[in-house]
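The structure file upload.cif is reproduced below (mmCIF, C-alpha atoms).
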```cif
data_entry
loop_
_atom_site.label_atom_id
_atom_site.label_comp_id
_atom_site.auth_asym_id
_atom_site.auth_seq_id
_atom_site.Cartn_x
_atom_site.Cartn_y
_atom_site.Cartn_z
CA MET A 1 -5.51 11.89 32.83
CA GLU A 2 -7.79 12.32 29.82
CA SER A 3 -11.20 10.67 30.04
CA LYS A 4 -11.81 7.66 27.83
CA VAL A 5 -15.12 6.73 26.24
CA LYS A 6 -16.20 3.31 25.03
CA LEU A 7 -17.97 2.95 21.68
CA ARG A 8 -19.32 -0.19 20.06
CA CYS A 9 -20.00 -1.16 16.47
CA GLU A 10 -22.44 -4.08 16.25
CA HIS A 11 -21.78 -4.51 12.54
CA LEU A 12 -18.05 -5.09 13.09
CA ASP A 13 -18.57 -6.70 16.51
CA THR A 14 -15.80 -4.44 17.80
CA GLU A 15 -15.32 -1.99 20.66
CA LEU A 16 -13.21 1.15 20.66
CA THR A 17 -11.89 3.21 23.54
CA LEU A 18 -11.30 6.83 22.54
CA THR A 19 -10.80 10.17 24.21
CA LEU A 20 -13.95 12.26 24.58
CA ASP A 21 -12.81 14.55 21.74
CA GLN A 22 -12.04 11.63 19.43
CA ALA A 23 -15.34 9.92 20.24
CA ASN A 24 -17.29 13.09 19.47
CA ARG A 25 -15.32 13.53 16.27
CA LEU A 26 -16.16 9.96 15.26
CA LEU A 27 -19.88 10.56 15.79
CA LYS A 28 -19.62 13.76 13.74
CA ILE A 29 -17.74 12.04 10.90
CA GLN A 30 -20.13 9.11 10.66
CA GLY A 31 -23.13 11.44 10.53
CA LYS A 32 -26.63 11.13 11.92
CA ASP A 33 -28.30 7.72 12.10
CA PRO A 34 -25.50 5.82 10.38
CA LYS A 35 -26.16 2.36 9.11
CA ASP A 36 -23.78 -0.11 10.73
CA GLY A 37 -22.02 2.64 12.68
CA TRP A 38 -20.58 3.28 16.13
CA SER A 39 -22.70 3.96 19.19
CA LEU A 40 -21.98 4.96 22.76
CA ASN A 41 -21.40 1.98 25.04
CA ASP A 42 -20.34 3.57 28.30
CA ASP A 43 -22.38 4.06 31.49
CA LYS A 44 -20.43 7.13 32.47
CA TYR A 45 -21.54 9.09 29.41
CA GLN A 46 -24.72 10.03 27.57
CA LEU A 47 -25.69 11.88 24.41
CA ASN A 48 -27.10 15.38 24.73
CA GLU A 49 -29.87 16.81 22.51
CA HIS A 50 -27.31 17.62 19.78
CA GLY A 51 -25.94 14.08 19.69
CA VAL A 52 -22.76 15.12 21.50
CA ILE A 53 -21.28 12.80 24.13
CA ILE A 54 -21.29 14.36 27.60
CA ARG A 55 -20.70 13.03 31.09
CA ARG A 56 -23.82 11.35 32.46
CA ILE A 57 -25.68 13.70 34.75
CA LYS A 58 -26.27 11.99 38.08
CA SER A 59 -29.98 12.07 38.91
CA THR A 60 -30.55 13.34 42.43
CA ASN A 61 -32.99 11.59 44.67
CA SER A 62 -35.51 14.34 45.36
CA ARG A 63 -36.89 12.70 48.53
CA ALA A 64 -33.43 12.30 49.97
CA ALA A 65 -32.73 15.92 49.14
CA GLN A 66 -35.72 17.00 51.21
CA MET B 1 13.57 -3.62 -2.22
CA ASN B 2 17.06 -5.02 -2.66
CA LEU B 3 17.57 -6.46 -6.14
CA PHE B 4 20.64 -8.36 -5.04
CA LEU B 5 19.15 -10.49 -2.26
CA PRO B 6 19.16 -13.29 -1.37
CA CYS B 7 22.87 -13.80 -1.84
CA PRO B 8 23.73 -16.45 -2.78
CA PRO B 9 20.60 -16.73 -4.94
CA SER B 10 18.33 -19.76 -4.97
CA ALA B 11 19.39 -22.51 -7.35
CA THR B 12 15.93 -22.34 -8.94
CA LEU B 13 14.02 -19.44 -10.45
CA THR B 14 10.76 -18.13 -9.01
CA PRO B 15 7.92 -19.17 -11.32
CA ILE B 16 6.05 -16.32 -13.01
CA ALA B 17 2.30 -16.73 -12.70
CA LYS B 18 0.24 -16.75 -15.86
CA LYS B 19 -1.43 -13.41 -16.54
CA VAL B 20 -5.08 -13.90 -17.34
CA CYS B 21 -6.19 -10.27 -17.72
CA ASP B 22 -4.84 -6.73 -17.60
CA LYS B 23 -4.48 -5.40 -14.06
CA ARG B 24 -5.70 -1.80 -14.17
CA PHE B 25 -5.54 0.54 -11.22
CA ASN B 26 -7.49 3.21 -13.08
CA GLN B 27 -7.42 6.96 -12.66
CA VAL B 28 -6.59 8.20 -9.15
CA VAL B 29 -8.86 11.03 -8.01
CA LYS B 30 -8.41 11.28 -4.22
CA LEU B 31 -5.50 10.56 -1.88
CA VAL B 32 -5.38 9.36 1.70
CA PHE B 33 -2.45 10.34 3.88
CA GLY B 34 -1.72 8.96 7.33
CA ILE B 35 0.92 8.68 10.00
CA ILE B 36 2.49 5.24 9.86
CA GLY B 37 2.28 4.07 13.44
CA THR B 38 2.94 0.78 15.13
CA ASP B 39 -0.61 -0.38 14.47
CA LYS B 40 -1.93 -0.94 10.98
CA PRO B 41 -4.86 1.31 10.03
CA PHE B 42 -7.11 -1.67 9.31
CA ALA B 43 -7.35 -5.16 10.78
CA VAL B 44 -9.57 -8.24 10.71
CA GLY B 45 -12.15 -6.62 13.02
CA THR B 46 -11.94 -3.28 11.26
CA PRO B 47 -11.66 -4.10 7.55
CA ILE B 48 -10.79 -1.55 4.87
CA THR B 49 -14.13 -2.21 3.20
CA ALA B 50 -16.31 -0.98 6.11
CA LYS B 51 -17.34 2.65 6.59
CA ALA B 52 -17.17 2.21 10.37
CA SER B 53 -13.47 1.33 10.07
CA TRP B 54 -12.76 4.47 8.04
CA ASP B 55 -14.82 6.66 10.39
CA ALA B 56 -12.81 5.37 13.35
CA LEU B 57 -9.49 5.86 11.56
CA LEU B 58 -10.29 9.43 10.55
CA ALA B 59 -11.60 10.29 14.02
CA LEU B 60 -8.13 9.68 15.44
CA ASP B 61 -6.82 12.56 13.29
CA THR B 62 -3.86 10.47 12.17
CA ALA B 63 -5.26 10.09 8.66
CA VAL B 64 -6.84 12.50 6.18
CA VAL B 65 -8.58 12.18 2.83
CA THR B 66 -7.94 14.88 0.24
CA ASN B 67 -10.44 16.55 -2.01
CA TYR B 68 -10.47 15.53 -5.66
CA VAL B 69 -7.07 15.84 -7.30
CA GLU B 70 -6.46 16.18 -11.01
CA ASN B 71 -3.83 14.69 -13.30
CA PHE B 72 -2.35 12.32 -10.70
CA VAL B 73 0.60 10.49 -12.23
CA ILE B 74 3.25 8.10 -10.90
CA PRO B 75 5.80 7.31 -13.61
CA GLY B 76 7.25 3.84 -13.89
CA SER B 77 10.68 3.55 -12.33
CA ASP B 78 13.99 3.14 -14.13
CA SER B 79 17.31 1.66 -13.05
CA ILE B 80 20.33 3.47 -11.64
CA GLU B 81 23.52 2.42 -13.41
CA GLU B 82 27.01 3.80 -12.97
CA GLY B 83 30.31 3.76 -14.83
CA GLY B 84 30.95 1.59 -17.84
CA GLU B 85 34.15 2.68 -19.47
CA THR B 86 36.42 0.62 -17.22
CA ASN B 87 34.02 -2.23 -16.45
CA ILE B 88 34.26 -5.59 -18.14
CA ASN B 89 32.84 -5.27 -21.64
CA ARG B 90 32.23 -1.58 -20.76
CA MET B 91 29.00 -2.66 -19.10
CA PRO B 92 27.77 -0.15 -16.45
CA GLU B 93 27.25 -1.36 -12.89
CA LEU B 94 23.60 -1.83 -11.93
CA ILE B 95 23.24 0.02 -8.61
CA ASP B 96 19.52 0.02 -7.80
CA GLY B 97 16.07 0.97 -8.99
CA ALA B 98 15.34 4.70 -8.92
CA ASN B 99 12.85 6.48 -6.69
CA VAL B 100 9.92 8.01 -8.52
CA GLN B 101 7.94 11.17 -8.00
CA ALA B 102 4.16 11.27 -7.99
CA THR B 103 2.67 14.55 -9.20
CA TRP B 104 -0.81 16.01 -9.34
CA ASN B 105 -2.78 19.22 -9.43
CA ASN B 106 -4.78 20.38 -6.42
CA ARG B 107 -7.35 22.15 -8.54
CA GLY B 108 -9.31 25.09 -7.17
CA ILE B 109 -8.40 24.60 -3.50
CA THR B 110 -8.93 27.28 -0.87
CA ALA B 111 -6.10 28.73 1.19
CA ALA B 112 -7.27 26.68 4.21
CA ILE B 113 -7.08 23.41 2.24
CA GLN B 114 -3.70 24.43 0.84
CA LEU B 115 -2.39 25.11 4.34
CA ALA B 116 -3.71 21.78 5.69
CA MET B 117 -1.95 19.97 2.83
CA LYS B 118 1.29 21.82 3.54
CA LYS B 119 1.14 20.75 7.19
CA LEU B 120 1.49 17.10 6.12
CA THR B 121 4.99 17.73 4.77
CA ILE B 122 6.84 17.56 8.08
CA TYR B 123 5.76 13.94 8.62
CA SER B 124 7.17 12.98 5.22
CA ALA B 125 10.56 14.63 5.69
CA ILE B 126 11.79 13.81 9.20
CA MET B 127 15.21 13.96 7.57
CA PRO B 128 16.26 13.05 4.02
CA GLY B 129 15.13 9.49 3.41
CA VAL B 130 13.11 9.17 6.63
CA SER B 131 9.32 9.46 6.62
CA GLU B 132 6.43 8.68 8.94
CA LEU B 133 3.80 9.46 6.33
CA GLY B 134 2.05 6.93 4.15
CA PHE B 135 -0.52 7.15 1.38
CA MET B 136 -3.32 5.19 -0.18
CA ALA B 137 -5.12 6.27 -3.35
CA ILE B 138 -8.78 6.18 -4.32
CA ASN B 139 -9.54 5.68 -7.99
CA VAL B 140 -12.41 7.01 -10.00
CA ASP B 141 -14.40 3.80 -9.39
CA GLY B 142 -14.10 4.25 -5.62
CA ASP B 143 -11.56 1.44 -5.16
CA VAL B 144 -8.76 1.95 -2.66
CA ILE B 145 -5.22 1.27 -3.89
CA HIS B 146 -3.00 0.22 -0.99
CA ASP B 147 -0.23 -2.06 0.20
CA THR B 148 -1.67 -5.55 0.66
CA THR B 149 -0.33 -6.08 4.18
CA GLU B 150 0.74 -2.68 5.55
CA TYR B 151 -1.95 -0.55 3.86
CA TRP B 152 0.16 2.64 4.00
CA ILE B 153 2.74 3.12 1.26
CA PRO B 154 5.52 5.39 2.57
CA VAL B 155 5.88 8.77 0.86
CA PHE B 156 8.81 11.17 1.10
CA ASN B 157 9.10 14.93 0.70
CA LEU B 158 5.41 15.61 0.21
CA PHE B 159 5.16 19.08 -1.26
CA THR B 160 2.20 21.32 -1.89
CA GLY B 161 2.93 24.41 -3.96
CA ASP B 162 1.27 27.76 -3.90
CA ILE B 163 -1.60 28.28 -6.31
CA ASP B 164 -1.02 29.57 -9.79
CA ILE B 165 -2.74 32.61 -11.27
CA LYS B 166 -3.70 32.16 -14.90
CA ALA B 167 -3.58 34.81 -17.60
CA GLU B 168 -6.75 33.53 -19.22
CA LYS B 169 -10.02 34.91 -17.93
CA GLY B 170 -12.17 32.47 -15.97
CA LYS B 171 -9.75 29.53 -15.68
CA ALA B 172 -9.52 27.57 -12.43
CA ASN B 173 -6.39 27.86 -10.34
CA GLY B 174 -4.31 24.95 -9.18
CA ALA B 175 -1.53 24.11 -6.76
CA MET B 176 1.11 21.51 -7.50
CA GLY B 177 1.28 18.43 -5.30
CA LYS B 178 4.12 15.92 -5.35
CA PHE B 179 5.88 13.29 -3.29
CA SER B 180 8.57 10.67 -3.81
CA LEU B 181 8.25 6.91 -3.55
CA LEU B 182 10.93 4.32 -2.96
CA TYR B 183 11.89 1.84 -5.62
CA GLY B 184 9.70 -1.18 -4.85
CA TRP B 185 6.73 0.90 -3.70
CA SER B 186 4.37 -1.15 -5.86
CA ASP B 187 5.74 -4.61 -5.01
CA ASN B 188 2.78 -5.43 -2.81
CA ILE B 189 -0.06 -3.21 -3.99
CA THR B 190 -3.62 -4.27 -4.46
CA THR B 191 -7.07 -2.73 -4.64
CA SER B 192 -9.98 -3.09 -2.23
CA THR B 193 -13.53 -2.04 -2.92
CA PRO B 194 -15.25 -0.45 0.07
CA ALA B 195 -18.86 -1.41 0.72
CA PHE B 196 -19.85 2.27 0.67
CA LYS B 197 -19.37 5.26 -1.63
CA ILE B 198 -16.03 6.43 -0.28
CA LEU B 199 -15.59 9.23 -2.83
CA ASN B 200 -18.87 10.80 -1.72
CA THR B 201 -18.13 10.31 1.98
CA TYR B 202 -14.72 11.87 2.65
CA PRO B 203 -13.53 14.41 3.44
CA ALA B 204 -16.49 14.86 5.78
CA ALA B 205 -18.00 18.34 5.75
#
```
Can you present the structure in this file as structure tokens?
Amino acid sequence: MESKVKLRCEHLDTELTLTLDQANRLLKIQGKDPKDGWSLNDDKYQLNEHGVIIRRIKSTNSRAAQ
Amino acid sequence: MNLFLPCPPSATLTPIAKKVCDKRFNQVVKLVFGIIGTDKPFAVGTPITAKASWDALLALDTAVVTNYVENFVIPGSDSIEEGGETNINRMPELIDGANVQATWNNRGITAAIQLAMKKLTIYSAIMPGVSELGFMAINVDGDVIHDTTEYWIPVFNLFTGDIDIKAEKGKANGAMGKFSLLYGWSDNITTSTPAFKILNTYPAA
């Protein structure tokens, strides 16, 4: 099953659930730093340095690893 | 629209509202095409006036905004009448209102844009008289012309021609665009003014 990503628009007070591809397309269409735009609202995902939504990288506990 | 309903007609006529000014839709310069699904493209929470609503709609890839188009025209529709010679008083039978064809010029488009436009056709011609494609228009002032309740206005047989090659040196090329509309297409149209510069925003680069 395709992964779904939650986005939120504070201006419209609305949430959207999109596929990862659609969500990334939405961020691309709305451009950088949009006024009143959509933002990521999903714990399972994060933005990378290019502003692309990726799966959240689980931080490893270094002490436990030792 | 069926001109002959309700039958029997009401015993009273529908009042005609007083016109207080000229309604002008102005020159159409961009078109929006979209697949008519079960959900409307805009709603109370995602109004047609907000950029965020348009961004979300276009991200689904079920709607596209064209580049600037030139010479967009939709003629007014006429009636379809048949017979006459054997009718009472030789008066032809009024059958229906006629469909109309919108036409425009896709000026100076690249082959890639031309191909993308041609790929819309299949949605507008599922079979003769059956379409899943709708349109809205954007006028030169940046207002969106649309159906008041459904937003999409169904279009049929959307066609994009190949580009022309002109004899005159230096002239821009163009490709014909056209589609058909049902009689009654404008029964419920209105304009909305987005709160952002829609002509400058779409299509996104």
Query raised in the report: Between CA of Ala205 in chain B and CA of Ile29 in chain A, what is the distance, to one decimal in Å?
Result: 8.1 Å
Report summary line: A straight line from CA of Arg25 in chain A to CA of Ala137 in chain B spans 23.3 Å
Query raised in the report: Between A:Lys32, A:Lys6, A:Gly37, A:His11, which is the closest to chain B once you count only C-alpha atoms?
Result: A:Gly37
Check which residues satisfy the PyMOL selection byres ((chain A and resi 55) around 10) in the file shown, then give them as a PDB file with C-alpha atoms, in the frame of the given file.
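Saved as out_18.pdb:
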```pdb
ATOM      1  CA  SER A   3     -11.200  10.670  30.040  1.00  0.00           C
ATOM      2  CA  VAL A   5     -15.120   6.730  26.240  1.00  0.00           C
ATOM      3  CA  LEU A  20     -13.950  12.260  24.580  1.00  0.00           C
ATOM      4  CA  ASP A  42     -20.340   3.570  28.300  1.00  0.00           C
ATOM      5  CA  ASP A  43     -22.380   4.060  31.490  1.00  0.00           C
ATOM      6  CA  LYS A  44     -20.430   7.130  32.470  1.00  0.00           C
ATOM      7  CA  TYR A  45     -21.540   9.090  29.410  1.00  0.00           C
ATOM      8  CA  GLN A  46     -24.720  10.030  27.570  1.00  0.00           C
ATOM      9  CA  LEU A  47     -25.690  11.880  24.410  1.00  0.00           C
ATOM     10  CA  ASN A  48     -27.100  15.380  24.730  1.00  0.00           C
ATOM     11  CA  ILE A  53     -21.280  12.800  24.130  1.00  0.00           C
ATOM     12  CA  ILE A  54     -21.290  14.360  27.600  1.00  0.00           C
ATOM     13  CA  ARG A  56     -23.820  11.350  32.460  1.00  0.00           C
ATOM     14  CA  ILE A  57     -25.680  13.700  34.750  1.00  0.00           C
ATOM     15  CA  LYS A  58     -26.270  11.990  38.080  1.00  0.00           C
TER      16      LYS A  58
END
```
Report task. Considering all atoms listed in the file, return as a VMD selection string whatever protein or nucleic-acid residues lie within 9 Å of Leu7 in chain A, sequence-local ones (same chain, fewer than 6 positions apart) excluded. Result -> chain A and resid 14 to 18 23 38 to 42
Requested in this report: Find the residues in chain B near chain A: any atom within 10 Å counts, using only C-alpha atoms. Write them as number ranges by chain.
Outcome: B: 44-47, 50-61, 201-205
Restricted to C-alpha atoms, what would the selected residues look like written as an mmCIF file, in the frame of the given file?
```
data_model
loop_
_atom_site.group_PDB
_atom_site.id
_atom_site.type_symbol
_atom_site.label_atom_id
_atom_site.label_comp_id
_atom_site.auth_asym_id
_atom_site.auth_seq_id
_atom_site.Cartn_x
_atom_site.Cartn_y
_atom_site.Cartn_z
ATOM 1 C CA VAL B 44 -9.570 -8.240 10.710
ATOM 2 C CA GLY B 45 -12.150 -6.620 13.020
ATOM 3 C CA THR B 46 -11.940 -3.280 11.260
ATOM 4 C CA PRO B 47 -11.660 -4.100 7.550
ATOM 5 C CA ALA B 50 -16.310 -0.980 6.110
ATOM 6 C CA LYS B 51 -17.340 2.650 6.590
ATOM 7 C CA ALA B 52 -17.170 2.210 10.370
ATOM 8 C CA SER B 53 -13.470 1.330 10.070
ATOM 9 C CA TRP B 54 -12.760 4.470 8.040
ATOM 10 C CA ASP B 55 -14.820 6.660 10.390
ATOM 11 C CA ALA B 56 -12.810 5.370 13.350
ATOM 12 C CA LEU B 57 -9.490 5.860 11.560
ATOM 13 C CA LEU B 58 -10.290 9.430 10.550
ATOM 14 C CA ALA B 59 -11.600 10.290 14.020
ATOM 15 C CA LEU B 60 -8.130 9.680 15.440
ATOM 16 C CA ASP B 61 -6.820 12.560 13.290
ATOM 17 C CA THR B 201 -18.130 10.310 1.980
ATOM 18 C CA TYR B 202 -14.720 11.870 2.650
ATOM 19 C CA PRO B 203 -13.530 14.410 3.440
ATOM 20 C CA ALA B 204 -16.490 14.860 5.780
ATOM 21 C CA ALA B 205 -18.000 18.340 5.750
#
```
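Residues having any atom no farther than 12 Å from (-3.8, 0.6, -16.5) (counting only C-alpha atoms) are Cys21, Asp22, Lys23, Arg24, Phe25, Asn26, Gln27, Val28, Val73, Ile74, Gly76 and Asn139 of chain B.
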Just so the selection is clear, what residues does the PyMOL selection byres ((chain B and resi 200) around 12) cover here, as a PDB file with C-alpha atoms, in the coordinates of the input?
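Saved result, expr.pdb, follows:
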```pdb
ATOM      1  CA  VAL B  29      -8.860  11.030  -8.010  1.00  0.00           C
ATOM      2  CA  LYS B  30      -8.410  11.280  -4.220  1.00  0.00           C
ATOM      3  CA  LYS B  51     -17.340   2.650   6.590  1.00  0.00           C
ATOM      4  CA  VAL B  65      -8.580  12.180   2.830  1.00  0.00           C
ATOM      5  CA  THR B  66      -7.940  14.880   0.240  1.00  0.00           C
ATOM      6  CA  ASN B  67     -10.440  16.550  -2.010  1.00  0.00           C
ATOM      7  CA  TYR B  68     -10.470  15.530  -5.660  1.00  0.00           C
ATOM      8  CA  ILE B 138      -8.780   6.180  -4.320  1.00  0.00           C
ATOM      9  CA  VAL B 140     -12.410   7.010 -10.000  1.00  0.00           C
ATOM     10  CA  ASP B 141     -14.400   3.800  -9.390  1.00  0.00           C
ATOM     11  CA  GLY B 142     -14.100   4.250  -5.620  1.00  0.00           C
ATOM     12  CA  PRO B 194     -15.250  -0.450   0.070  1.00  0.00           C
ATOM     13  CA  PHE B 196     -19.850   2.270   0.670  1.00  0.00           C
ATOM     14  CA  LYS B 197     -19.370   5.260  -1.630  1.00  0.00           C
ATOM     15  CA  ILE B 198     -16.030   6.430  -0.280  1.00  0.00           C
ATOM     16  CA  LEU B 199     -15.590   9.230  -2.830  1.00  0.00           C
ATOM     17  CA  THR B 201     -18.130  10.310   1.980  1.00  0.00           C
ATOM     18  CA  TYR B 202     -14.720  11.870   2.650  1.00  0.00           C
ATOM     19  CA  PRO B 203     -13.530  14.410   3.440  1.00  0.00           C
ATOM     20  CA  ALA B 204     -16.490  14.860   5.780  1.00  0.00           C
ATOM     21  CA  ALA B 205     -18.000  18.340   5.750  1.00  0.00           C
TER      22      ALA B 205
END
```
Requested in this report: Around the point (22.2, 2.7, -14.6), in the coordinates given by the file, pick out the residues reaching within 7 Å, counting only C-alpha atoms, and return them as a ChimeraX atom specification.
Outcome: /B:79-82,92-95
**Report entry** Contacts of range 98-109 of chain B at 10 Å (only C-alpha atoms; same-chain gap of 5+ positions) as JSON, numbers by chain
**Finding:** {"B": [28, 29, 66, 67, 68, 69, 70, 71, 72, 73, 74, 75, 76, 77, 78, 79, 80, 81, 114, 115, 117, 155, 156, 157, 158, 159, 160, 161, 162, 163, 164, 171, 172, 173, 174, 175, 176, 177, 178, 179, 180, 181, 182, 183, 184, 185]}
Requested in this report: Please identify all polymer residues within 9 Å of range 36-38 of chain B, counting only C-alpha atoms, omitting same-chain residues fewer than 3 positions from it, and present them as a ChimeraX atom specification.
Outcome: /B:41,62,131-134,152-154
